[in-house]
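Colleague: Have a peek at model_20.pdb (PDB, C-alpha atoms and all ligand atoms).
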```
ATOM      1  CA  MET T   1       0.000   0.000   0.000
ATOM      2  CA  VAL T   2       1.514   3.343  -0.994
ATOM      3  CA  HIS T   3      -0.817   5.588   0.948
ATOM      4  CA  ARG T   4      -1.386   4.931   4.611
ATOM      5  CA  PRO T   5      -2.880   8.108   6.138
ATOM      6  CA  ARG T   6      -2.711   6.424   9.540
ATOM      7  CA  ARG T   7       1.100   6.807   9.483
ATOM      8  CA  LEU T   8       0.699  10.400  10.570
ATOM      9  CA  ARG T   9      -1.748   9.518  13.343
ATOM     10  CA  ARG T  10       0.538   7.029  15.075
ATOM     11  CA  SER T  11       1.580   9.199  18.008
ATOM     12  CA  GLY T  12       0.577  12.364  19.805
ATOM     13  CA  SER T  13       3.688  14.136  18.546
ATOM     14  CA  LEU T  14       2.978  13.230  14.922
ATOM     15  CA  ARG T  15      -0.606  14.376  15.307
ATOM     16  CA  ASN T  16       0.566  17.656  16.873
ATOM     17  CA  LEU T  17       2.950  18.142  13.967
ATOM     18  CA  VAL T  18       0.329  17.897  11.230
ATOM     19  CA  ARG T  19      -2.628  19.476  13.021
ATOM     20  CA  GLU T  20      -4.266  22.050  10.721
ATOM     21  CA  THR T  21      -6.360  23.980  13.232
ATOM     22  CA  LYS T  22      -4.983  25.222  16.528
ATOM     23  CA  LEU T  23      -6.910  27.180  19.111
ATOM     24  CA  THR T  24      -5.310  29.966  21.126
ATOM     25  CA  ALA T  25      -6.644  32.392  23.714
ATOM     26  CA  HIS T  26      -6.510  35.075  21.010
ATOM     27  CA  ASP T  27      -9.363  33.396  19.120
ATOM     28  CA  PHE T  28     -11.990  34.087  21.756
ATOM     29  CA  VAL T  29     -14.138  37.028  22.800
ATOM     30  CA  LEU T  30     -15.995  37.032  26.119
ATOM     31  CA  PRO T  31     -19.515  38.512  26.241
ATOM     32  CA  LEU T  32     -20.188  40.523  29.420
ATOM     33  CA  PHE T  33     -23.617  41.541  30.693
ATOM     34  CA  ILE T  34     -23.675  44.676  32.846
ATOM     35  CA  SER T  35     -26.816  45.662  34.687
ATOM     36  CA  GLU T  36     -27.589  49.133  35.957
ATOM     37  CA  ARG T  37     -29.945  47.538  38.494
ATOM     38  CA  LEU T  38     -27.326  45.450  40.283
ATOM     39  CA  THR T  39     -24.837  46.246  43.014
ATOM     40  CA  THR T  40     -23.272  42.803  42.863
ATOM     41  CA  ARG T  41     -23.105  39.979  40.305
ATOM     42  CA  LYS T  42     -26.186  37.825  39.715
ATOM     43  CA  PRO T  43     -26.113  34.321  38.182
ATOM     44  CA  ILE T  44     -28.129  33.730  35.019
ATOM     45  CA  GLU T  45     -30.266  30.659  35.777
ATOM     46  CA  SER T  46     -30.382  29.237  32.264
ATOM     47  CA  MET T  47     -26.632  29.702  31.696
ATOM     48  CA  PRO T  48     -24.662  27.987  34.471
ATOM     49  CA  GLY T  49     -21.508  29.912  35.375
ATOM     50  CA  VAL T  50     -22.552  33.091  33.503
ATOM     51  CA  PHE T  51     -23.399  36.288  35.399
ATOM     52  CA  GLN T  52     -24.845  39.729  35.048
ATOM     53  CA  PHE T  53     -22.304  42.120  36.537
ATOM     54  CA  ALA T  54     -22.710  45.375  38.399
ATOM     55  CA  LEU T  55     -20.928  48.367  36.912
ATOM     56  CA  ALA T  56     -18.514  48.473  39.859
ATOM     57  CA  GLU T  57     -17.316  44.904  39.114
ATOM     58  CA  VAL T  58     -16.944  44.971  35.359
ATOM     59  CA  ALA T  59     -13.434  46.442  35.165
ATOM     60  CA  ASP T  60     -12.145  43.680  37.470
ATOM     61  CA  GLU T  61     -13.763  41.009  35.308
ATOM     62  CA  ALA T  62     -12.299  42.580  32.168
ATOM     63  CA  GLN T  63      -8.840  42.735  33.746
ATOM     64  CA  ARG T  64      -9.088  39.052  34.763
ATOM     65  CA  SER T  65     -10.010  38.142  31.192
ATOM     66  CA  PHE T  66      -7.055  40.084  29.801
ATOM     67  CA  ASP T  67      -4.699  38.484  32.326
ATOM     68  CA  LEU T  68      -5.870  35.072  31.092
ATOM     69  CA  GLY T  69      -4.859  36.024  27.555
ATOM     70  CA  LEU T  70      -8.146  37.174  26.038
ATOM     71  CA  GLN T  71      -7.863  40.166  23.703
ATOM     72  CA  ALA T  72     -11.443  41.400  23.643
ATOM     73  CA  VAL T  73     -14.771  41.571  25.457
ATOM     74  CA  LEU T  74     -18.234  42.245  24.030
ATOM     75  CA  LEU T  75     -20.495  44.368  26.241
ATOM     76  CA  PHE T  76     -24.258  44.117  26.645
ATOM     77  CA  GLY T  77     -26.098  46.595  28.869
ATOM     78  CA  ILE T  78     -29.224  46.184  30.936
ATOM     79  CA  PRO T  79     -30.563  49.652  31.786
ATOM     80  CA  LYS T  80     -32.615  50.729  34.770
ATOM     81  CA  GLU T  81     -35.234  52.415  32.592
ATOM     82  CA  LYS T  82     -36.783  51.172  29.348
ATOM     83  CA  ASP T  83     -39.060  53.204  27.084
ATOM     84  CA  GLU T  84     -40.386  53.260  23.508
ATOM     85  CA  GLN T  85     -37.442  55.296  22.185
ATOM     86  CA  ALA T  86     -34.666  53.255  23.858
ATOM     87  CA  THR T  87     -33.403  56.497  25.420
ATOM     88  CA  SER T  88     -30.950  54.728  27.755
ATOM     89  CA  ALA T  89     -29.208  53.109  24.759
ATOM     90  CA  TYR T  90     -27.626  56.401  23.678
ATOM     91  CA  ALA T  91     -27.484  58.241  27.021
ATOM     92  CA  GLU T  92     -24.055  59.760  27.550
ATOM     93  CA  ASN T  93     -23.843  58.075  30.926
ATOM     94  CA  GLY T  94     -25.722  54.924  29.989
ATOM     95  CA  ILE T  95     -24.662  51.590  31.414
ATOM     96  CA  VAL T  96     -22.575  50.483  28.406
ATOM     97  CA  GLN T  97     -20.961  53.902  27.999
ATOM     98  CA  ALA T  98     -19.993  53.886  31.690
ATOM     99  CA  ALA T  99     -18.714  50.303  31.464
ATOM    100  CA  VAL T 100     -16.540  51.128  28.443
ATOM    101  CA  ARG T 101     -14.931  54.010  30.352
ATOM    102  CA  ALA T 102     -14.372  51.864  33.437
ATOM    103  CA  ILE T 103     -12.755  49.050  31.453
ATOM    104  CA  LYS T 104     -10.605  51.336  29.286
ATOM    105  CA  ASP T 105      -9.439  53.128  32.439
ATOM    106  CA  ARG T 106      -8.318  49.885  34.057
ATOM    107  CA  CYS T 107      -7.170  47.894  31.063
ATOM    108  CA  PRO T 108      -6.550  50.135  28.040
ATOM    109  CA  GLU T 109      -5.057  47.367  25.894
ATOM    110  CA  LEU T 110      -8.123  45.130  26.043
ATOM    111  CA  VAL T 111     -10.255  45.551  22.916
ATOM    112  CA  VAL T 112     -13.719  46.696  23.948
ATOM    113  CA  ILE T 113     -16.547  45.824  21.580
ATOM    114  CA  THR T 114     -20.052  47.085  22.304
ATOM    115  CA  ASP T 115     -23.296  45.496  21.253
ATOM    116  CA  VAL T 116     -25.346  48.112  19.421
ATOM    117  CA  CYS T 117     -29.018  47.248  19.597
ATOM    118  CA  LEU T 118     -32.186  48.678  21.046
ATOM    119  CA  CYS T 119     -33.993  45.591  22.375
ATOM    120  CA  GLU T 120     -32.551  45.762  25.906
ATOM    121  CA  TYR T 121     -33.602  49.415  26.102
ATOM    122  CA  MET T 122     -37.064  49.233  24.544
ATOM    123  CA  SER T 123     -40.072  48.625  26.810
ATOM    124  CA  HIS T 124     -41.442  46.235  24.154
ATOM    125  CA  GLY T 125     -38.166  44.328  23.676
ATOM    126  CA  HIS T 126     -37.892  44.684  19.890
ATOM    127  CA  CYS T 127     -34.649  45.706  18.223
ATOM    128  CA  GLY T 128     -36.173  48.817  16.658
ATOM    129  CA  VAL T 129     -38.885  51.461  16.838
ATOM    130  CA  THR T 130     -42.302  49.849  16.481
ATOM    131  CA  ARG T 131     -45.654  51.055  15.212
ATOM    132  CA  ARG T 132     -48.797  49.108  15.931
ATOM    133  CA  ASP T 133     -51.756  49.129  13.635
ATOM    134  CA  GLY T 134     -54.591  47.065  15.040
ATOM    135  CA  GLU T 135     -53.500  43.445  15.367
ATOM    136  CA  HIS T 136     -50.265  44.057  13.461
ATOM    137  CA  PHE T 137     -47.051  45.750  14.399
ATOM    138  CA  HIS T 138     -44.171  46.985  12.305
ATOM    139  CA  VAL T 139     -40.536  47.485  13.210
ATOM    140  CA  LEU T 140     -39.691  50.691  11.399
ATOM    141  CA  ASN T 141     -36.354  50.487   9.629
ATOM    142  CA  ASP T 142     -35.116  54.021   9.014
ATOM    143  CA  GLU T 143     -36.400  55.396  12.337
ATOM    144  CA  SER T 144     -34.582  52.547  14.096
ATOM    145  CA  VAL T 145     -31.357  53.225  12.178
ATOM    146  CA  GLU T 146     -31.355  56.817  13.484
ATOM    147  CA  LEU T 147     -31.368  55.559  17.075
ATOM    148  CA  LEU T 148     -28.772  52.877  16.333
ATOM    149  CA  VAL T 149     -26.486  55.550  14.894
ATOM    150  CA  ARG T 150     -26.855  57.680  18.042
ATOM    151  CA  THR T 151     -26.093  54.594  20.155
ATOM    152  CA  ALA T 152     -22.989  53.656  18.152
ATOM    153  CA  VAL T 153     -21.625  57.215  18.269
ATOM    154  CA  SER T 154     -22.148  57.381  22.045
ATOM    155  CA  HIS T 155     -20.212  54.110  22.462
ATOM    156  CA  ALA T 156     -17.381  55.433  20.298
ATOM    157  CA  ALA T 157     -17.307  58.646  22.326
ATOM    158  CA  ALA T 158     -16.964  56.545  25.497
ATOM    159  CA  GLY T 159     -13.916  54.815  23.963
ATOM    160  CA  ALA T 160     -15.190  51.597  22.364
ATOM    161  CA  ASP T 161     -12.722  50.099  19.871
ATOM    162  CA  LEU T 162     -15.426  48.402  17.839
ATOM    163  CA  VAL T 163     -19.184  48.824  17.735
ATOM    164  CA  ALA T 164     -21.210  45.738  16.902
ATOM    165  CA  PRO T 165     -24.690  46.386  15.488
ATOM    166  CA  SER T 166     -26.799  43.259  16.075
ATOM    167  CA  ASP T 167     -30.229  44.568  15.078
ATOM    168  CA  MET T 168     -30.398  43.522  11.378
ATOM    169  CA  MET T 169     -31.986  46.770  10.172
ATOM    170  CA  ASP T 170     -31.165  47.591   6.534
ATOM    171  CA  GLY T 171     -28.566  50.255   5.830
ATOM    172  CA  ARG T 172     -27.357  50.671   9.402
ATOM    173  CA  ILE T 173     -23.706  49.883   8.723
ATOM    174  CA  GLY T 174     -23.390  52.653   6.150
ATOM    175  CA  ALA T 175     -25.254  55.116   8.366
ATOM    176  CA  ILE T 176     -23.095  54.273  11.391
ATOM    177  CA  ARG T 177     -19.846  54.488   9.366
ATOM    178  CA  GLU T 178     -20.815  57.901   8.038
ATOM    179  CA  ALA T 179     -21.791  59.235  11.460
ATOM    180  CA  LEU T 180     -18.628  57.912  13.118
ATOM    181  CA  ASP T 181     -16.451  59.533  10.450
ATOM    182  CA  ALA T 182     -18.341  62.814  10.648
ATOM    183  CA  ARG T 183     -17.675  63.010  14.394
ATOM    184  CA  GLY T 184     -13.981  62.182  14.219
ATOM    185  CA  PHE T 185     -14.288  58.496  15.150
ATOM    186  CA  GLU T 186     -12.800  57.251  11.893
ATOM    187  CA  ASN T 187     -10.691  54.727  13.834
ATOM    188  CA  THR T 188     -13.653  53.126  15.579
ATOM    189  CA  GLY T 189     -14.349  49.878  13.745
ATOM    190  CA  ILE T 190     -17.612  48.094  12.999
ATOM    191  CA  MET T 191     -18.190  44.421  13.655
ATOM    192  CA  SER T 192     -21.421  43.774  11.843
ATOM    193  CA  TYR T 193     -23.871  41.019  12.702
ATOM    194  CA  ALA T 194     -24.236  40.549   8.955
ATOM    195  CA  ALA T 195     -25.931  37.144   8.888
ATOM    196  CA  LYS T 196     -27.984  36.859  12.054
ATOM    197  CA  PHE T 197     -30.694  34.263  11.882
ATOM    198  CA  ALA T 198     -34.019  34.220  13.748
ATOM    199  CA  SER T 199     -33.167  31.311  16.020
ATOM    200  CA  VAL T 200     -34.650  29.304  18.835
ATOM    201  CA  PHE T 201     -31.129  29.076  20.291
ATOM    202  CA  TYR T 202     -31.257  32.655  21.616
ATOM    203  CA  GLY T 203     -33.641  31.560  24.401
ATOM    204  CA  PRO T 204     -31.346  31.838  27.439
ATOM    205  CA  PHE T 205     -29.824  35.133  26.191
ATOM    206  CA  ARG T 206     -33.174  36.833  26.637
ATOM    207  CA  GLU T 207     -33.002  36.093  30.328
ATOM    208  CA  ALA T 208     -29.389  37.278  30.396
ATOM    209  CA  ALA T 209     -30.108  40.551  28.573
ATOM    210  CA  GLU T 210     -33.675  40.896  29.873
ATOM    211  CA  SER T 211     -34.897  41.548  26.362
ATOM    212  CA  PRO T 212     -37.695  39.149  25.320
ATOM    213  CA  PRO T 213     -40.123  40.801  22.857
ATOM    214  CA  GLN T 214     -43.418  41.544  24.604
ATOM    215  CA  PHE T 215     -45.391  40.823  21.417
ATOM    216  CA  GLY T 216     -44.704  39.220  18.036
ATOM    217  CA  ASP T 217     -41.300  37.820  17.066
ATOM    218  CA  ARG T 218     -38.147  38.972  15.279
ATOM    219  CA  ARG T 219     -38.675  37.242  11.951
ATOM    220  CA  SER T 220     -39.337  40.471  10.040
ATOM    221  CA  TYR T 221     -35.743  41.589  10.613
ATOM    222  CA  GLN T 222     -33.604  38.576  11.553
ATOM    223  CA  MET T 223     -32.940  36.099   8.755
ATOM    224  CA  ASP T 224     -34.880  32.981   7.831
ATOM    225  CA  SER T 225     -32.799  29.972   8.891
ATOM    226  CA  ALA T 226     -33.461  28.338   5.500
ATOM    227  CA  ASN T 227     -31.558  30.969   3.489
ATOM    228  CA  ALA T 228     -27.876  30.754   2.578
ATOM    229  CA  GLN T 229     -27.784  32.851  -0.615
ATOM    230  CA  GLU T 230     -29.541  35.655   1.201
ATOM    231  CA  ALA T 231     -26.893  35.474   3.928
ATOM    232  CA  LEU T 232     -24.214  36.091   1.296
ATOM    233  CA  ARG T 233     -26.152  39.085  -0.016
ATOM    234  CA  GLU T 234     -26.477  40.482   3.520
ATOM    235  CA  VAL T 235     -22.739  40.078   4.106
ATOM    236  CA  ALA T 236     -21.878  41.698   0.745
ATOM    237  CA  LEU T 237     -24.048  44.703   1.605
ATOM    238  CA  ASP T 238     -22.466  45.168   5.021
ATOM    239  CA  ILE T 239     -18.948  44.978   3.571
ATOM    240  CA  GLU T 240     -19.903  47.502   0.907
ATOM    241  CA  GLU T 241     -21.282  49.777   3.629
ATOM    242  CA  GLY T 242     -18.050  49.628   5.609
ATOM    243  CA  ALA T 243     -18.109  46.666   8.008
ATOM    244  CA  ASP T 244     -14.577  45.812   9.217
ATOM    245  CA  ILE T 245     -15.521  42.428  10.663
ATOM    246  CA  ILE T 246     -18.540  40.387   9.679
ATOM    247  CA  LEU T 247     -20.330  38.006  11.984
ATOM    248  CA  VAL T 248     -22.457  34.905  11.580
ATOM    249  CA  LYS T 249     -24.895  33.945  14.376
ATOM    250  CA  PRO T 250     -25.679  31.310  15.724
ATOM    251  CA  ALA T 251     -22.665  29.038  15.230
ATOM    252  CA  LEU T 252     -22.942  25.241  14.958
ATOM    253  CA  PRO T 253     -26.302  25.035  13.133
ATOM    254  CA  TYR T 254     -24.907  27.585  10.625
ATOM    255  CA  LEU T 255     -21.461  26.154   9.984
ATOM    256  CA  ASP T 256     -22.187  26.014   6.240
ATOM    257  CA  ILE T 257     -22.959  29.744   6.234
ATOM    258  CA  LEU T 258     -19.741  30.511   8.096
ATOM    259  CA  TRP T 259     -17.765  28.449   5.584
ATOM    260  CA  ARG T 260     -19.379  30.098   2.563
ATOM    261  CA  VAL T 261     -18.888  33.582   3.985
ATOM    262  CA  ARG T 262     -15.224  32.925   4.742
ATOM    263  CA  GLU T 263     -14.622  31.454   1.284
ATOM    264  CA  ARG T 264     -16.439  34.206  -0.599
ATOM    265  CA  PHE T 265     -15.171  37.341   1.143
ATOM    266  CA  SER T 266     -11.673  38.171   2.302
ATOM    267  CA  GLN T 267     -12.816  39.860   5.455
ATOM    268  CA  PRO T 268     -12.160  39.012   9.096
ATOM    269  CA  THR T 269     -15.040  36.768  10.108
ATOM    270  CA  ALA T 270     -16.533  36.224  13.539
ATOM    271  CA  VAL T 271     -19.032  33.680  14.763
ATOM    272  CA  TYR T 272     -21.219  33.842  17.863
ATOM    273  CA  HIS T 273     -21.649  30.549  19.712
ATOM    274  CA  VAL T 274     -24.945  31.511  21.335
ATOM    275  CA  SER T 275     -26.624  30.983  24.696
ATOM    276  CA  GLY T 276     -28.811  28.042  23.620
ATOM    277  CA  GLU T 277     -25.828  26.209  22.148
ATOM    278  CA  PHE T 278     -23.987  26.843  25.421
ATOM    279  CA  ALA T 279     -26.922  25.638  27.546
ATOM    280  CA  MET T 280     -27.293  22.414  25.511
ATOM    281  CA  VAL T 281     -23.690  21.407  26.078
ATOM    282  CA  LYS T 282     -23.884  22.302  29.785
ATOM    283  CA  ALA T 283     -27.032  20.204  30.218
ATOM    284  CA  ALA T 284     -25.613  17.209  28.358
ATOM    285  CA  ALA T 285     -22.342  17.392  30.300
ATOM    286  CA  GLU T 286     -24.226  17.588  33.597
ATOM    287  CA  LYS T 287     -26.104  14.427  32.632
ATOM    288  CA  GLY T 288     -22.780  12.700  32.048
ATOM    289  CA  CYS T 289     -23.240  12.377  28.266
ATOM    290  CA  PHE T 290     -19.683  13.618  27.665
ATOM    291  CA  ASP T 291     -16.855  15.590  29.171
ATOM    292  CA  GLU T 292     -17.598  19.320  28.950
ATOM    293  CA  ARG T 293     -14.058  20.422  28.177
ATOM    294  CA  ALA T 294     -13.581  17.849  25.398
ATOM    295  CA  ALA T 295     -16.938  18.793  23.856
ATOM    296  CA  VAL T 296     -16.200  22.522  23.986
ATOM    297  CA  LEU T 297     -12.738  22.107  22.455
ATOM    298  CA  GLU T 298     -14.201  20.007  19.621
ATOM    299  CA  ILE T 299     -16.928  22.580  18.937
ATOM    300  CA  MET T 300     -14.497  25.511  18.967
ATOM    301  CA  THR T 301     -12.093  23.670  16.684
ATOM    302  CA  SER T 302     -14.918  23.038  14.227
ATOM    303  CA  LEU T 303     -15.823  26.742  14.221
ATOM    304  CA  LYS T 304     -12.243  27.772  13.529
ATOM    305  CA  ARG T 305     -11.825  25.035  10.921
ATOM    306  CA  ALA T 306     -14.983  26.308   9.183
ATOM    307  CA  GLY T 307     -13.391  29.736   8.859
ATOM    308  CA  ALA T 308     -13.950  31.727  12.038
ATOM    309  CA  ASP T 309     -11.156  34.184  12.847
ATOM    310  CA  ILE T 310     -12.965  35.273  15.995
ATOM    311  CA  ILE T 311     -15.219  33.157  18.209
ATOM    312  CA  ILE T 312     -17.566  34.807  20.680
ATOM    313  CA  THR T 313     -18.281  32.330  23.454
ATOM    314  CA  TYR T 314     -19.337  32.138  27.098
ATOM    315  CA  TRP T 315     -16.452  29.678  27.599
ATOM    316  CA  ALA T 316     -13.842  32.259  26.543
ATOM    317  CA  LYS T 317     -12.126  32.386  29.939
ATOM    318  CA  GLU T 318     -12.046  28.610  30.372
ATOM    319  CA  LEU T 319     -10.797  28.245  26.795
ATOM    320  CA  ALA T 320      -7.992  30.700  27.445
ATOM    321  CA  GLU T 321      -6.815  28.414  30.238
ATOM    322  CA  TRP T 322      -7.364  25.183  28.302
ATOM    323  CA  THR T 323      -5.580  26.325  25.181
ATOM    324  CA  LEU T 324      -2.506  27.950  26.676
ATOM    325  CA  PRO T 325       0.510  26.812  24.642
TER     326      PRO T 325
HETATM  327 ZN    ZN E 401     -31.735  43.400  19.565
END
```
Give the structure from the file, written as structure tokens.
Ligand SMILES: [Zn+2]
Modeller:
Amino acid sequence: MVHRPRRLRRSGSLRNLVRETKLTAHDFVLPLFISERLTTRKPIESMPGVFQFALAEVADEAQRSFDLGLQAVLLFGIPKEKDEQATSAYAENGIVQAAVRAIKDRCPELVVITDVCLCEYMSHGHCGVTRRDGEHFHVLNDESVELLVRTAVSHAAAGADLVAPSDMMDGRIGAIREALDARGFENTGIMSYAAKFASVFYGPFREAAESPPQFGDRRSYQMDSANAQEALREVALDIEEGADIILVKPALPYLDILWRVRERFSQPTAVYHVSGEFAMVKAAAEKGCFDERAAVLEIMTSLKRAGADIIITYWAKELAEWTLP
């Protein structure tokens, strides 16, 4: 036999030598939830080991993450007050704006990415401005984009390195890029949730971010899980409008999308391993179905192998420890 692929699998050292995909702490971004209502951290029931933090604690948590080798955190805010204009989302001293300042003060080298959306700040929990007519409701695109732009600019003013619009309104990347440039924030980057699918796997996140929609669902703005070509069109539009990093969400059920996006566009690509995916693995590991660490490492390797340059995951800190060279 001329070809015996097993020759290179004979020992650990040989396997290490020919391994194509290697994880490092630099691959991972840790999401952080910061609540204006808390004075001390509160566990999120549906996501074991994940917390909402108080503003006073967030710089410490960010510093710990950086010390472990992580390069970036992604901030989500939970405001004290919600209304129908998401006023707290773009308040100069809003929870995210304050958290950015606190983290940058303590740990200036850590890349701070901010989620830009309105759902946590809207009394109705939708990602944009809504108008009801009778039984129906509409999420208004251009009115929502105006508020998203104000939010992104306020995050940049607070010192965010990257803003990450996750709302899926049309035209928001271009509008945000233009507004950032006009205000002198030409070095603030945009990580765009370019292909974000309406997914059942966001369930636990809504507890974490306290943002479940009070009526209707998000299918008029998030993508239909059946559509891959449309995902490529969405990504192309966001790149054209100025996205620096594009993101696919969720992760494992959309591995084909991630692969196609990475193959088609030469743009840094991120993937968000979401709360429901996290909760499934936790539950299965607790039942003894498999070892949590081995499962997580296999999943993360598959995401990187499929083309992810950046992986957003609730295991980021553990992964930093597990993957130290
Ligand atoms: Zn949202």
Colleague: Name the closest residue to Phe53 in chain T among the candidates T:Tyr254, T:Tyr193, T:Phe66, T:Phe76; distances are taken between atoms, counting only C-alpha atoms.
Modeller: T:Phe76
Colleague: If you count all atoms listed in the file, which residues end up within 9 Å of ligand ZN 401 (chain E), as a PyMOL selection string?
Modeller: chain T and resi 115-120+125-128+165-168+211+218
Colleague: Once the PyMOL selection byres (((chain T and resi 26) around 9) and not hetatm) has been applied to the shown file, what residues remain in the selection, as number ranges by chain?
Modeller: T: 23-25, 27-29, 69-72, 310, 320
Colleague: Mind pulling up the distance from CA of Arg6 in chain T to CA of Arg19 in chain T?
Modeller: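 We find that CA of Arg19 in chain T and CA of Arg6 in chain T lie 13.5 Å from each other.
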Colleague: Name the residues, using the chain letters and numbers of the file, that sit within 12 Å of (-23.5, 46.7, 39.2) when counting only C-alpha atoms, and give them as a PyMOL selection string.
Modeller: chain T and resi 33-42+51-61+77-80+95-96+98-99+102
Colleague: With all atoms listed in the file as the atoms that count, which of T:Ile245, T:Asp224, T:Gly216, T:Phe201 lies nearest to Gly189 in chain T?
Modeller: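 Using all atoms listed in the file, the shortest distance to Gly189 in chain T belongs to T:Ile245.
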Colleague: Quick one: pull the distance between CA of Glu241 in chain T and CA of Arg206 in chain T, Å, one decimal.
Modeller: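 We find that CA of Glu241 in chain T and CA of Arg206 in chain T lie 29.0 Å from each other.
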Colleague: Residues at most 8 Å from range 87-94 of chain T, counting all atoms listed in the file, excluding those fewer than 4 positions away in the same chain, as a CSV table (one decimal) with C-alpha atoms, in the coordinates of the input?
Modeller:
```
chain,number,residue,atom,x,y,z
T,79,PRO,CA,-30.6,49.7,31.8
T,81,GLU,CA,-35.2,52.4,32.6
T,82,LYS,CA,-36.8,51.2,29.3
T,83,ASP,CA,-39.1,53.2,27.1
T,98,ALA,CA,-20.0,53.9,31.7
T,117,CYS,CA,-29.0,47.2,19.6
T,118,LEU,CA,-32.2,48.7,21.0
T,121,TYR,CA,-33.6,49.4,26.1
T,147,LEU,CA,-31.4,55.6,17.1
T,150,ARG,CA,-26.9,57.7,18.0
T,151,THR,CA,-26.1,54.6,20.2
T,152,ALA,CA,-23.0,53.7,18.2
T,154,SER,CA,-22.1,57.4,22.0
T,155,HIS,CA,-20.2,54.1,22.5
```
Colleague: Within 12 Å of Ser302 in chain T, counting all atoms listed in the file, which residues show up once you throw out same-chain ones fewer than 4 positions away? Write them as a VMD selection string, please.
Modeller: chain T and resid 20 to 23 251 to 256 258 to 259 271 273 295 to 298 306 to 309 311
Colleague: Going by the chain IDs and residue numbers used in this file, which residues fall under the PyMOL selection byres (((chain T and resi 142) around 10) and not hetatm)? Write them as a PDB file with C-alpha atoms, keeping the file's coordinate frame.
Modeller:
```
ATOM      1  CA  GLY T 128     -36.173  48.817  16.658  1.00  0.00           C
ATOM      2  CA  VAL T 129     -38.885  51.461  16.838  1.00  0.00           C
ATOM      3  CA  VAL T 139     -40.536  47.485  13.210  1.00  0.00           C
ATOM      4  CA  LEU T 140     -39.691  50.691  11.399  1.00  0.00           C
ATOM      5  CA  ASN T 141     -36.354  50.487   9.629  1.00  0.00           C
ATOM      6  CA  GLU T 143     -36.400  55.396  12.337  1.00  0.00           C
ATOM      7  CA  SER T 144     -34.582  52.547  14.096  1.00  0.00           C
ATOM      8  CA  VAL T 145     -31.357  53.225  12.178  1.00  0.00           C
ATOM      9  CA  GLU T 146     -31.355  56.817  13.484  1.00  0.00           C
ATOM     10  CA  LEU T 147     -31.368  55.559  17.075  1.00  0.00           C
ATOM     11  CA  LEU T 148     -28.772  52.877  16.333  1.00  0.00           C
ATOM     12  CA  MET T 169     -31.986  46.770  10.172  1.00  0.00           C
ATOM     13  CA  ASP T 170     -31.165  47.591   6.534  1.00  0.00           C
ATOM     14  CA  GLY T 171     -28.566  50.255   5.830  1.00  0.00           C
ATOM     15  CA  ARG T 172     -27.357  50.671   9.402  1.00  0.00           C
ATOM     16  CA  ALA T 175     -25.254  55.116   8.366  1.00  0.00           C
TER      17      ALA T 175
END
```
Colleague: Apply the PyMOL selection byres (((chain T and resi 278) around 10) and not hetatm) to the structure shown and report the selected residues as a PyMOL selection string.
Modeller: chain T and resi 46-48+201+204+273-277+279-283+296+313-315
